[in-house]
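*Asks:* Structure file start-v6.cif, mmCIF, C-alpha atoms, is pasted below:
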data_target
#
loop_
_atom_site.group_PDB
_atom_site.id
_atom_site.type_symbol
_atom_site.label_atom_id
_atom_site.label_comp_id
_atom_site.auth_asym_id
_atom_site.auth_seq_id
_atom_site.Cartn_x
_atom_site.Cartn_y
_atom_site.Cartn_z
ATOM 1 C CA MET A 1 -22.204 91.218 57.446
ATOM 2 C CA ALA A 2 -19.244 90.978 55.100
ATOM 3 C CA MET A 3 -17.952 87.501 54.371
ATOM 4 C CA THR A 4 -14.489 86.579 55.628
ATOM 5 C CA PRO A 5 -12.100 86.235 52.678
ATOM 6 C CA ARG A 6 -10.885 82.745 51.888
ATOM 7 C CA THR A 7 -7.306 82.049 52.877
ATOM 8 C CA THR A 8 -6.504 81.614 49.182
ATOM 9 C CA GLN A 9 -7.674 85.191 48.627
ATOM 10 C CA ARG A 10 -5.600 86.369 51.591
ATOM 11 C CA LEU A 11 -2.543 84.687 50.118
ATOM 12 C CA ARG A 12 -3.130 86.285 46.725
ATOM 13 C CA GLN A 13 -3.419 89.648 48.460
ATOM 14 C CA LEU A 14 -0.145 89.096 50.314
ATOM 15 C CA LEU A 15 1.565 88.217 47.049
ATOM 16 C CA SER A 16 0.244 91.379 45.400
ATOM 17 C CA GLU A 17 1.503 93.688 48.150
ATOM 18 C CA PRO A 18 5.036 95.151 48.143
ATOM 19 C CA GLY A 19 7.762 93.606 50.267
ATOM 20 C CA ILE A 20 8.875 90.116 51.157
ATOM 21 C CA ILE A 21 6.589 87.760 53.085
ATOM 22 C CA ARG A 22 8.286 86.334 56.196
ATOM 23 C CA SER A 23 7.202 82.823 57.061
ATOM 24 C CA LEU A 24 8.025 79.732 59.100
ATOM 25 C CA ALA A 25 7.095 76.050 58.909
ATOM 26 C CA PRO A 26 5.448 74.834 62.126
ATOM 27 C CA HIS A 27 5.881 71.138 62.858
ATOM 28 C CA ASP A 28 2.498 70.786 64.587
ATOM 29 C CA VAL A 29 -0.724 72.656 65.276
ATOM 30 C CA PHE A 30 0.445 74.036 68.630
ATOM 31 C CA THR A 31 3.500 75.704 67.117
ATOM 32 C CA ALA A 32 1.346 76.984 64.252
ATOM 33 C CA ARG A 33 -0.981 78.709 66.742
ATOM 34 C CA ILE A 34 2.011 80.336 68.435
ATOM 35 C CA MET A 35 3.372 81.579 65.116
ATOM 36 C CA GLU A 36 0.033 83.044 64.088
ATOM 37 C CA GLN A 37 -0.344 84.764 67.454
ATOM 38 C CA ALA A 38 3.147 86.231 67.048
ATOM 39 C CA GLY A 39 1.985 87.896 63.848
ATOM 40 C CA LEU A 40 3.323 85.834 60.967
ATOM 41 C CA PRO A 41 1.027 86.283 57.936
ATOM 42 C CA LEU A 42 1.741 82.939 56.230
ATOM 43 C CA LEU A 43 2.836 79.458 57.273
ATOM 44 C CA PHE A 44 4.134 76.358 55.501
ATOM 45 C CA LEU A 45 3.454 72.729 56.369
ATOM 46 C CA GLY A 46 6.565 70.809 55.358
ATOM 47 C CA GLY A 47 7.205 67.130 55.009
ATOM 48 C CA PHE A 48 10.289 67.217 57.245
ATOM 49 C CA GLY A 49 8.488 68.644 60.271
ATOM 50 C CA THR A 50 5.373 66.545 59.757
ATOM 51 C CA SER A 51 7.348 63.313 59.382
ATOM 52 C CA ALA A 52 9.489 64.066 62.429
ATOM 53 C CA SER A 53 6.727 65.288 64.733
ATOM 54 C CA SER A 54 4.071 62.748 63.766
ATOM 55 C CA PHE A 55 6.168 59.598 63.414
ATOM 56 C CA GLY A 56 9.745 60.387 64.451
ATOM 57 C CA LEU A 57 10.882 59.616 60.899
ATOM 58 C CA PRO A 58 13.183 61.455 58.462
ATOM 59 C CA ASP A 59 12.011 63.218 55.318
ATOM 60 C CA LEU A 60 12.616 60.399 52.854
ATOM 61 C CA GLY A 61 9.237 60.225 51.186
ATOM 62 C CA LEU A 62 7.809 58.067 53.962
ATOM 63 C CA LEU A 63 4.598 60.079 54.387
ATOM 64 C CA GLY A 64 1.759 59.626 51.938
ATOM 65 C CA LEU A 65 -0.877 61.986 50.616
ATOM 66 C CA ALA A 66 -3.498 60.983 53.181
ATOM 67 C CA GLU A 67 -1.147 61.694 56.077
ATOM 68 C CA MET A 68 -0.144 65.120 54.746
ATOM 69 C CA ALA A 69 -3.750 66.034 53.961
ATOM 70 C CA ASP A 70 -4.807 65.038 57.477
ATOM 71 C CA ALA A 71 -1.983 67.133 58.965
ATOM 72 C CA ALA A 72 -3.040 70.078 56.805
ATOM 73 C CA ARG A 73 -6.681 69.692 57.833
ATOM 74 C CA ARG A 74 -5.788 69.747 61.529
ATOM 75 C CA MET A 75 -3.618 72.824 61.068
ATOM 76 C CA THR A 76 -5.983 74.872 58.913
ATOM 77 C CA GLY A 77 -8.770 74.114 61.374
ATOM 78 C CA ALA A 78 -6.840 76.016 64.039
ATOM 79 C CA LEU A 79 -5.576 78.909 61.889
ATOM 80 C CA SER A 80 -7.026 81.971 60.224
ATOM 81 C CA ILE A 81 -3.906 82.795 58.161
ATOM 82 C CA PRO A 82 -2.987 81.014 54.899
ATOM 83 C CA LEU A 83 -1.168 77.687 54.971
ATOM 84 C CA ILE A 84 0.876 76.359 52.049
ATOM 85 C CA VAL A 85 1.366 72.586 52.095
ATOM 86 C CA ASP A 86 4.320 70.612 50.765
ATOM 87 C CA GLY A 87 2.965 68.346 48.043
ATOM 88 C CA ASP A 88 6.337 66.689 47.377
ATOM 89 C CA THR A 89 6.218 65.118 43.901
ATOM 90 C CA GLY A 90 2.434 64.874 43.904
ATOM 91 C CA TYR A 91 2.898 61.321 45.249
ATOM 92 C CA GLY A 92 3.291 59.753 41.841
ATOM 93 C CA SER A 93 2.218 60.451 38.271
ATOM 94 C CA VAL A 94 -0.328 62.886 36.830
ATOM 95 C CA PRO A 95 -3.451 61.206 38.328
ATOM 96 C CA ASN A 96 -1.810 61.338 41.766
ATOM 97 C CA VAL A 97 -1.022 65.038 41.283
ATOM 98 C CA ILE A 98 -4.659 65.760 40.461
ATOM 99 C CA ARG A 99 -5.805 63.982 43.613
ATOM 100 C CA THR A 100 -3.183 65.804 45.684
ATOM 101 C CA VAL A 101 -4.443 69.218 44.601
ATOM 102 C CA ARG A 102 -8.046 68.315 45.351
ATOM 103 C CA GLU A 103 -7.256 66.759 48.735
ATOM 104 C CA PHE A 104 -5.206 69.772 49.799
ATOM 105 C CA GLU A 105 -7.958 72.142 48.673
ATOM 106 C CA ARG A 106 -10.487 70.150 50.696
ATOM 107 C CA ALA A 107 -8.098 70.301 53.661
ATOM 108 C CA GLY A 108 -8.207 74.103 53.567
ATOM 109 C CA ALA A 109 -4.726 74.789 52.183
ATOM 110 C CA ALA A 110 -4.164 78.104 50.418
ATOM 111 C CA GLY A 111 -1.567 76.583 48.122
ATOM 112 C CA MET A 112 0.932 73.784 47.642
ATOM 113 C CA LEU A 113 4.459 73.040 46.477
ATOM 114 C CA LEU A 114 5.085 70.573 43.677
ATOM 115 C CA GLU A 115 8.653 69.453 42.944
ATOM 116 C CA ASP A 116 10.526 67.755 40.123
ATOM 117 C CA GLN A 117 12.255 65.014 42.112
ATOM 118 C CA VAL A 118 11.632 61.394 41.299
ATOM 119 C CA PHE A 119 9.123 59.566 43.478
ATOM 120 C CA PRO A 120 9.752 58.820 46.311
ATOM 121 C CA LYS A 121 11.602 62.046 47.053
ATOM 122 C CA ARG A 122 14.313 63.043 49.542
ATOM 123 C CA CYS A 123 14.729 66.167 51.659
ATOM 124 C CA GLY A 124 16.002 68.953 49.426
ATOM 125 C CA HIS A 125 19.231 69.285 51.403
ATOM 126 C CA PHE A 126 19.990 65.538 51.457
ATOM 127 C CA ALA A 127 22.431 63.917 49.050
ATOM 128 C CA GLY A 128 21.333 61.410 46.414
ATOM 129 C CA LYS A 129 18.444 63.327 44.863
ATOM 130 C CA GLN A 130 17.261 62.656 41.316
ATOM 131 C CA VAL A 131 14.969 64.717 39.084
ATOM 132 C CA ILE A 132 12.418 63.783 36.452
ATOM 133 C CA PRO A 133 12.544 65.089 32.849
ATOM 134 C CA VAL A 134 11.388 68.677 32.345
ATOM 135 C CA ASN A 135 8.450 67.697 30.128
ATOM 136 C CA GLU A 136 7.201 65.246 32.748
ATOM 137 C CA MET A 137 7.225 67.979 35.377
ATOM 138 C CA ARG A 138 5.454 70.359 33.010
ATOM 139 C CA ASP A 139 2.736 67.738 32.511
ATOM 140 C CA LYS A 140 2.343 67.527 36.281
ATOM 141 C CA LEU A 141 2.112 71.308 36.586
ATOM 142 C CA ARG A 142 -0.551 71.529 33.877
ATOM 143 C CA ALA A 143 -2.541 68.800 35.593
ATOM 144 C CA ALA A 144 -2.250 70.565 38.954
ATOM 145 C CA LEU A 145 -3.368 73.887 37.491
ATOM 146 C CA ASP A 146 -6.333 72.280 35.743
ATOM 147 C CA ALA A 147 -7.310 70.345 38.884
ATOM 148 C CA ARG A 148 -7.881 73.469 40.993
ATOM 149 C CA HIS A 149 -11.487 74.177 41.961
ATOM 150 C CA ASP A 150 -10.451 77.517 43.483
ATOM 151 C CA PRO A 151 -8.565 79.648 40.932
ATOM 152 C CA ASP A 152 -6.873 81.486 43.816
ATOM 153 C CA PHE A 153 -5.222 78.279 45.077
ATOM 154 C CA VAL A 154 -1.475 78.978 44.683
ATOM 155 C CA LEU A 155 0.858 76.525 42.989
ATOM 156 C CA ILE A 156 4.584 76.762 43.734
ATOM 157 C CA ALA A 157 6.861 74.854 41.362
ATOM 158 C CA ARG A 158 10.062 73.623 42.980
ATOM 159 C CA THR A 159 13.150 72.341 41.202
ATOM 160 C CA ASP A 160 15.865 70.303 42.880
ATOM 161 C CA ALA A 161 18.031 70.314 39.762
ATOM 162 C CA ARG A 162 20.818 72.464 41.261
ATOM 163 C CA ALA A 163 22.347 69.490 43.074
ATOM 164 C CA VAL A 164 21.844 67.115 40.133
ATOM 165 C CA GLU A 165 22.314 69.049 36.885
ATOM 166 C CA GLY A 166 23.858 72.338 38.033
ATOM 167 C CA LEU A 167 22.609 75.888 38.468
ATOM 168 C CA ASP A 168 22.181 76.695 34.759
ATOM 169 C CA ALA A 169 19.866 73.730 34.316
ATOM 170 C CA ALA A 170 17.950 74.608 37.480
ATOM 171 C CA ILE A 171 17.335 78.142 36.214
ATOM 172 C CA GLU A 172 16.281 76.824 32.813
ATOM 173 C CA ARG A 173 13.858 74.405 34.454
ATOM 174 C CA ALA A 174 12.474 77.135 36.709
ATOM 175 C CA ASN A 175 11.749 79.420 33.777
ATOM 176 C CA SER A 176 10.073 76.568 31.963
ATOM 177 C CA TYR A 177 7.856 75.904 34.973
ATOM 178 C CA ALA A 178 6.950 79.598 35.206
ATOM 179 C CA GLU A 179 6.016 79.597 31.520
ATOM 180 C CA THR A 180 3.798 76.569 32.182
ATOM 181 C CA GLY A 181 1.793 78.647 34.643
ATOM 182 C CA ALA A 182 3.211 78.113 38.138
ATOM 183 C CA ASP A 183 2.343 81.033 40.428
ATOM 184 C CA LEU A 184 5.694 81.011 42.217
ATOM 185 C CA ILE A 185 9.063 79.387 41.671
ATOM 186 C CA PHE A 186 11.332 77.701 44.215
ATOM 187 C CA VAL A 187 14.876 76.767 43.258
ATOM 188 C CA GLU A 188 16.034 74.505 46.074
ATOM 189 C CA ALA A 189 19.515 74.708 47.600
ATOM 190 C CA PRO A 190 21.541 77.377 45.775
ATOM 191 C CA GLN A 191 25.011 77.088 47.264
ATOM 192 C CA THR A 192 26.327 80.676 47.424
ATOM 193 C CA GLU A 193 25.074 84.239 47.717
ATOM 194 C CA ALA A 194 26.054 84.726 44.079
ATOM 195 C CA GLU A 195 23.842 81.785 43.107
ATOM 196 C CA LEU A 196 20.924 83.243 45.068
ATOM 197 C CA ALA A 197 21.427 86.512 43.199
ATOM 198 C CA ARG A 198 21.474 84.717 39.835
ATOM 199 C CA VAL A 199 18.321 82.816 40.655
ATOM 200 C CA ALA A 200 16.507 86.004 41.621
ATOM 201 C CA ARG A 201 17.811 87.918 38.610
ATOM 202 C CA GLU A 202 17.399 85.325 35.855
ATOM 203 C CA ILE A 203 13.946 83.983 36.709
ATOM 204 C CA PRO A 204 11.354 86.716 36.042
ATOM 205 C CA ALA A 205 8.706 85.263 38.352
ATOM 206 C CA PRO A 206 7.865 85.587 42.052
ATOM 207 C CA GLN A 207 10.162 83.320 44.037
ATOM 208 C CA LEU A 208 10.561 81.617 47.390
ATOM 209 C CA ALA A 209 13.857 81.522 49.309
ATOM 210 C CA ASN A 210 14.397 78.573 51.655
ATOM 211 C CA MET A 211 16.657 79.525 54.566
ATOM 212 C CA LEU A 212 17.577 76.236 56.249
ATOM 213 C CA VAL A 213 20.096 76.755 59.036
ATOM 214 C CA GLY A 214 22.890 74.248 58.417
ATOM 215 C CA GLY A 215 21.740 73.515 54.875
ATOM 216 C CA ALA A 216 23.452 74.043 51.531
ATOM 217 C CA THR A 217 22.261 77.638 51.077
ATOM 218 C CA PRO A 218 23.875 80.582 52.903
ATOM 219 C CA ILE A 219 21.515 82.388 55.269
ATOM 220 C CA LEU A 220 20.571 85.935 54.275
ATOM 221 C CA PRO A 221 18.199 88.215 56.210
ATOM 222 C CA ALA A 222 14.780 88.896 54.763
ATOM 223 C CA ASP A 223 15.665 92.475 53.811
ATOM 224 C CA ALA A 224 18.640 91.288 51.750
ATOM 225 C CA LEU A 225 16.525 88.638 50.027
ATOM 226 C CA GLN A 226 13.910 91.269 49.254
ATOM 227 C CA THR A 227 16.588 93.467 47.695
ATOM 228 C CA LEU A 228 17.620 90.538 45.498
ATOM 229 C CA GLY A 229 14.013 90.126 44.401
ATOM 230 C CA PHE A 230 12.564 87.218 46.397
ATOM 231 C CA LYS A 231 8.897 87.351 47.422
ATOM 232 C CA ILE A 232 8.703 84.788 50.264
ATOM 233 C CA VAL A 233 11.295 83.646 52.783
ATOM 234 C CA VAL A 234 10.723 80.568 54.943
ATOM 235 C CA SER A 235 12.805 78.778 57.555
ATOM 236 C CA PRO A 236 11.647 75.183 57.084
ATOM 237 C CA VAL A 237 12.706 73.067 60.090
ATOM 238 C CA GLU A 238 13.812 75.543 62.747
ATOM 239 C CA SER A 239 10.702 75.097 64.895
ATOM 240 C CA LEU A 240 11.849 71.506 65.365
ATOM 241 C CA ALA A 241 15.410 72.630 66.100
ATOM 242 C CA VAL A 242 14.515 75.145 68.812
ATOM 243 C CA THR A 243 11.957 72.739 70.310
ATOM 244 C CA ALA A 244 14.650 70.064 70.514
ATOM 245 C CA VAL A 245 16.892 72.352 72.583
ATOM 246 C CA ALA A 246 14.062 73.407 74.881
ATOM 247 C CA VAL A 247 12.762 69.886 75.550
ATOM 248 C CA HIS A 248 16.278 68.519 76.047
ATOM 249 C CA THR A 249 16.947 71.269 78.604
ATOM 250 C CA LEU A 250 13.685 70.414 80.353
ATOM 251 C CA ALA A 251 14.563 66.713 80.534
ATOM 252 C CA LEU A 252 18.032 67.450 81.938
ATOM 253 C CA ALA A 253 16.535 69.714 84.607
ATOM 254 C CA MET A 254 14.236 66.920 85.789
ATOM 255 C CA LEU A 255 17.083 64.390 85.773
ATOM 256 C CA GLN A 256 19.587 66.621 87.533
ATOM 257 C CA GLU A 257 17.433 68.785 89.795
ATOM 258 C CA GLY A 258 14.292 66.710 90.230
ATOM 259 C CA ARG A 259 12.205 69.777 89.359
ATOM 260 C CA VAL A 260 11.764 72.118 86.412
ATOM 261 C CA ASP A 261 10.495 75.361 87.926
ATOM 262 C CA GLY A 262 14.038 76.722 87.715
ATOM 263 C CA LEU A 263 13.334 77.146 84.001
ATOM 264 C CA ALA A 264 10.304 79.367 84.644
ATOM 265 C CA ASP A 265 11.911 82.326 82.902
ATOM 266 C CA GLN A 266 12.154 80.178 79.750
ATOM 267 C CA MET A 267 8.504 79.088 79.867
ATOM 268 C CA TRP A 268 5.140 80.568 79.101
ATOM 269 C CA THR A 269 2.884 80.614 82.146
ATOM 270 C CA PHE A 270 0.071 78.106 82.402
ATOM 271 C CA ASP A 271 -2.386 80.998 82.023
ATOM 272 C CA HIS A 272 -0.641 82.038 78.784
ATOM 273 C CA LEU A 273 -0.926 78.491 77.449
ATOM 274 C CA LYS A 274 -4.630 78.407 78.285
ATOM 275 C CA GLN A 275 -5.130 81.758 76.593
ATOM 276 C CA LEU A 276 -3.425 80.534 73.408
ATOM 277 C CA LEU A 277 -5.626 77.442 73.354
ATOM 278 C CA GLY A 278 -8.803 79.466 73.806
ATOM 279 C CA VAL A 279 -9.771 78.509 77.352
ATOM 280 C CA THR A 280 -12.330 81.003 78.638
ATOM 281 C CA THR A 281 -10.871 83.184 81.397
ATOM 282 C CA GLY A 282 -11.994 82.026 84.796
ATOM 283 C CA SER A 283 -13.453 78.770 83.530
ATOM 284 C CA GLY A 284 -13.300 75.776 85.772
ATOM 285 C CA PRO A 285 -12.947 72.061 84.986
ATOM 286 C CA GLY A 286 -14.864 71.006 81.941
ATOM 287 C CA ALA A 287 -14.903 74.427 80.329
ATOM 288 C CA GLY A 288 -14.563 74.316 76.567
ATOM 289 C CA PRO A 289 -12.382 76.312 74.212
ATOM 290 C CA ASP A 290 -13.297 79.798 73.122
ATOM 291 C CA HIS A 291 -11.141 80.033 69.982
ATOM 292 C CA GLN A 292 -12.458 81.971 67.028
ATOM 293 C CA THR A 293 -10.849 81.268 63.664
#
Once you've parsed the file, please lay out its structure as structure tokens.
*Replies:*
Amino acid sequence: MAMTPRTTQRLRQLLSEPGIIRSLAPHDVFTARIMEQAGLPLLFLGGFGTSASSFGLPDLGLLGLAEMADAARRMTGALSIPLIVDGDTGYGSVPNVIRTVREFERAGAAGMLLEDQVFPKRCGHFAGKQVIPVNEMRDKLRAALDARHDPDFVLIARTDARAVEGLDAAIERANSYAETGADLIFVEAPQTEAELARVAREIPAPQLANMLVGGATPILPADALQTLGFKIVVSPVESLAVTAVAVHTLALAMLQEGRVDGLADQMWTFDHLKQLLGVTTGSGPGAGPDHQT
């Protein structure tokens, strides 16, 4: 029997194939299962969604490495597609970066993001960000690359310099990070379509486009981003946003109507939920899950 490829190998294969990879960032394991079932080939575990869903807190560097690694472990345990995990700044200096890579590998991640903000970081679309010197970030990247046990583990270098030092500096940093050995580059929060085009054109490395609805970057469809030259597109917090609307609607229905079955056309059936969660068809109370990863 042939061995199932590691998710790191699957991610490398996706990156080698033509076309842009369409992705989302689930805020919990349940939404991740739904996204995989829908057919998405790659998912991201972001700090914003994890902080909000696990603790009801904003993305202000309040989660630590152990909490993100635990969240990644729970999610990869329920998925068969690759998961890239937000490693923030590596949670400190070079020794912390090394530990972050190894913990995320042990958690089953196929890759991670590492950014050049100061520690503790802020959400990439929040004001008040600061960035570390380029050479310090390059030291972190080298440490992360050397720390990998699996050579297929993907490292994405992110720069938040656009909001701090301007676009020219962000592009210069990104090229420096690519030269250091990062597998992909992520310039956070370009502010216009022209800036997105410059980023794609002037950084000769595979790149990620972050399409945050309501953020600093204009939203372009995946086909347009592919034409510009981007390799991955991700919407980072929208699973939270659509869940907020749905749950708020549900709460109002109970308050106003005293029942929620009037929303049945907006719900999955109970049988569909059981199927997603791997409950064996026809099983009674006490039956276990039948999920194969």
*Asks:* For this file, the PyMOL selection byres ((chain A and resi 86) around 10) selects which residues, as a list of chain:residue names?
*Replies:*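 What the PyMOL selection byres ((chain A and resi 86) around 10) grabs from the file is A:Phe44, A:Leu45, A:Gly46, A:Gly47, A:Phe48, A:Thr50, A:Met68, A:Ala69, A:Ala72, A:Leu83, A:Ile84, A:Val85, A:Gly87, A:Asp88, A:Thr89, A:Gly90, A:Phe104, A:Gly111, A:Met112, A:Leu113, A:Leu114, A:Glu115, A:Ile156.
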*Asks:* Okay, now the selection with C-alpha atoms, as a PDB file, in the frame of the given file?
*Replies:*
ATOM      1  CA  PHE A  44       4.134  76.358  55.501  1.00  0.00           C
ATOM      2  CA  LEU A  45       3.454  72.729  56.369  1.00  0.00           C
ATOM      3  CA  GLY A  46       6.565  70.809  55.358  1.00  0.00           C
ATOM      4  CA  GLY A  47       7.205  67.130  55.009  1.00  0.00           C
ATOM      5  CA  PHE A  48      10.289  67.217  57.245  1.00  0.00           C
ATOM      6  CA  THR A  50       5.373  66.545  59.757  1.00  0.00           C
ATOM      7  CA  MET A  68      -0.144  65.120  54.746  1.00  0.00           C
ATOM      8  CA  ALA A  69      -3.750  66.034  53.961  1.00  0.00           C
ATOM      9  CA  ALA A  72      -3.040  70.078  56.805  1.00  0.00           C
ATOM     10  CA  LEU A  83      -1.168  77.687  54.971  1.00  0.00           C
ATOM     11  CA  ILE A  84       0.876  76.359  52.049  1.00  0.00           C
ATOM     12  CA  VAL A  85       1.366  72.586  52.095  1.00  0.00           C
ATOM     13  CA  GLY A  87       2.965  68.346  48.043  1.00  0.00           C
ATOM     14  CA  ASP A  88       6.337  66.689  47.377  1.00  0.00           C
ATOM     15  CA  THR A  89       6.218  65.118  43.901  1.00  0.00           C
ATOM     16  CA  GLY A  90       2.434  64.874  43.904  1.00  0.00           C
ATOM     17  CA  PHE A 104      -5.206  69.772  49.799  1.00  0.00           C
ATOM     18  CA  GLY A 111      -1.567  76.583  48.122  1.00  0.00           C
ATOM     19  CA  MET A 112       0.932  73.784  47.642  1.00  0.00           C
ATOM     20  CA  LEU A 113       4.459  73.040  46.477  1.00  0.00           C
ATOM     21  CA  LEU A 114       5.085  70.573  43.677  1.00  0.00           C
ATOM     22  CA  GLU A 115       8.653  69.453  42.944  1.00  0.00           C
ATOM     23  CA  ILE A 156       4.584  76.762  43.734  1.00  0.00           C
TER      24      ILE A 156
END
*Asks:* Evaluate the PyMOL selection byres ((chain A and resi 203) around 8) here and jot the selected residues down as a count of residues only.
*Replies:* 9
*Asks:* I need the output of the PyMOL selection byres ((chain A and resi 232) around 7) for this file as a count of residues only; which residues are they?
*Replies:* 10
*Asks:* Identify the residues within 12 Å of coordinate (-7.4, 74.4, 59.5) (same frame as the file), considering all atoms listed in the file, and give the answer as JSON, numbers by chain.
*Replies:* {"A": [6, 7, 28, 29, 32, 33, 43, 45, 69, 70, 71, 72, 73, 74, 75, 76, 77, 78, 79, 80, 81, 82, 83, 84, 85, 104, 105, 106, 107, 108, 109, 110, 292, 293]}
*Asks:* So the first atom is atom CA of A:Thr100 and the second is atom CA of A:Leu145; what is the distance between them in Å, to one decimal place?
*Replies:*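 About the pair atom CA of A:Thr100 and atom CA of A:Leu145: they are 11.5 Å apart.
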*Asks:* Using Å and a single decimal, report how far atom CA of A:Ala246 sits from atom CA of A:Glu67.
*Replies:* 26.9 Å
*Asks:* Can you work out which one of A:Gln9, A:Thr192, A:Thr180, A:Gln117 has the shortest atom-to-atom distance to A:Pro133, counting only C-alpha atoms?
*Replies:* A:Gln117
*Asks:* Quick one: distance from atom CA of A:Arg99 to atom CA of A:Arg142 in Å, one decimal?
*Replies:*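 These atoms are spaced 13.4 Å apart.
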*Asks:* So, counting all atoms listed in the file, which residue among A:Leu240, A:Gly278, A:Ser23, A:Gly92 is closest to A:Ser54?
*Replies:* A:Leu240
*Asks:* Identify, on the basis of only C-alpha atoms, every residue whose closest approach to A:Phe119 does not exceed 12 Å; exclude the query and any residue fewer than 6 positions from it along the same chain; express the result as an MDAnalysis selection string.
*Replies:* chainID A and resid 60:64 87:93 96:97 129:132 137
*Asks:* Set the distance at 7 Å and use only C-alpha atoms: which residues neighbour A:Ala182 once local chain neighbours fewer than 3 positions away are removed? I'd like the list as a list in words.
*Replies:*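 So the residues in contact are Leu155, Ile156, Ala157, Tyr177, Ala178 and Ile185 of chain A.
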*Asks:* Please provide the set of residues having any atom within 10 Å of stretch 194-197 of chain A, restricted to all atoms listed in the file, with same-chain residues fewer than 3 positions apart removed, written as a ChimeraX atom specification.
*Replies:* /A:162,167-168,187,189-191,200-202,209,217-218,220,225,227-230
*Asks:* Keeping only C-alpha atoms, write the selected residues to a file as a PDB file, keeping the file's coordinate frame.
*Replies:*
ATOM      1  CA  ARG A 162      20.818  72.464  41.261  1.00  0.00           C
ATOM      2  CA  LEU A 167      22.609  75.888  38.468  1.00  0.00           C
ATOM      3  CA  ASP A 168      22.181  76.695  34.759  1.00  0.00           C
ATOM      4  CA  VAL A 187      14.876  76.767  43.258  1.00  0.00           C
ATOM      5  CA  ALA A 189      19.515  74.708  47.600  1.00  0.00           C
ATOM      6  CA  PRO A 190      21.541  77.377  45.775  1.00  0.00           C
ATOM      7  CA  GLN A 191      25.011  77.088  47.264  1.00  0.00           C
ATOM      8  CA  ALA A 200      16.507  86.004  41.621  1.00  0.00           C
ATOM      9  CA  ARG A 201      17.811  87.918  38.610  1.00  0.00           C
ATOM     10  CA  GLU A 202      17.399  85.325  35.855  1.00  0.00           C
ATOM     11  CA  ALA A 209      13.857  81.522  49.309  1.00  0.00           C
ATOM     12  CA  THR A 217      22.261  77.638  51.077  1.00  0.00           C
ATOM     13  CA  PRO A 218      23.875  80.582  52.903  1.00  0.00           C
ATOM     14  CA  LEU A 220      20.571  85.935  54.275  1.00  0.00           C
ATOM     15  CA  LEU A 225      16.525  88.638  50.027  1.00  0.00           C
ATOM     16  CA  THR A 227      16.588  93.467  47.695  1.00  0.00           C
ATOM     17  CA  LEU A 228      17.620  90.538  45.498  1.00  0.00           C
ATOM     18  CA  GLY A 229      14.013  90.126  44.401  1.00  0.00           C
ATOM     19  CA  PHE A 230      12.564  87.218  46.397  1.00  0.00           C
TER      20      PHE A 230
END
*Asks:* Which one is closest to A:Leu24: A:His149, A:Thr8, A:Ala244, A:Pro41? Count all atoms listed in the file.
*Replies:*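 Selected residue with least distance to A:Leu24: A:Pro41.
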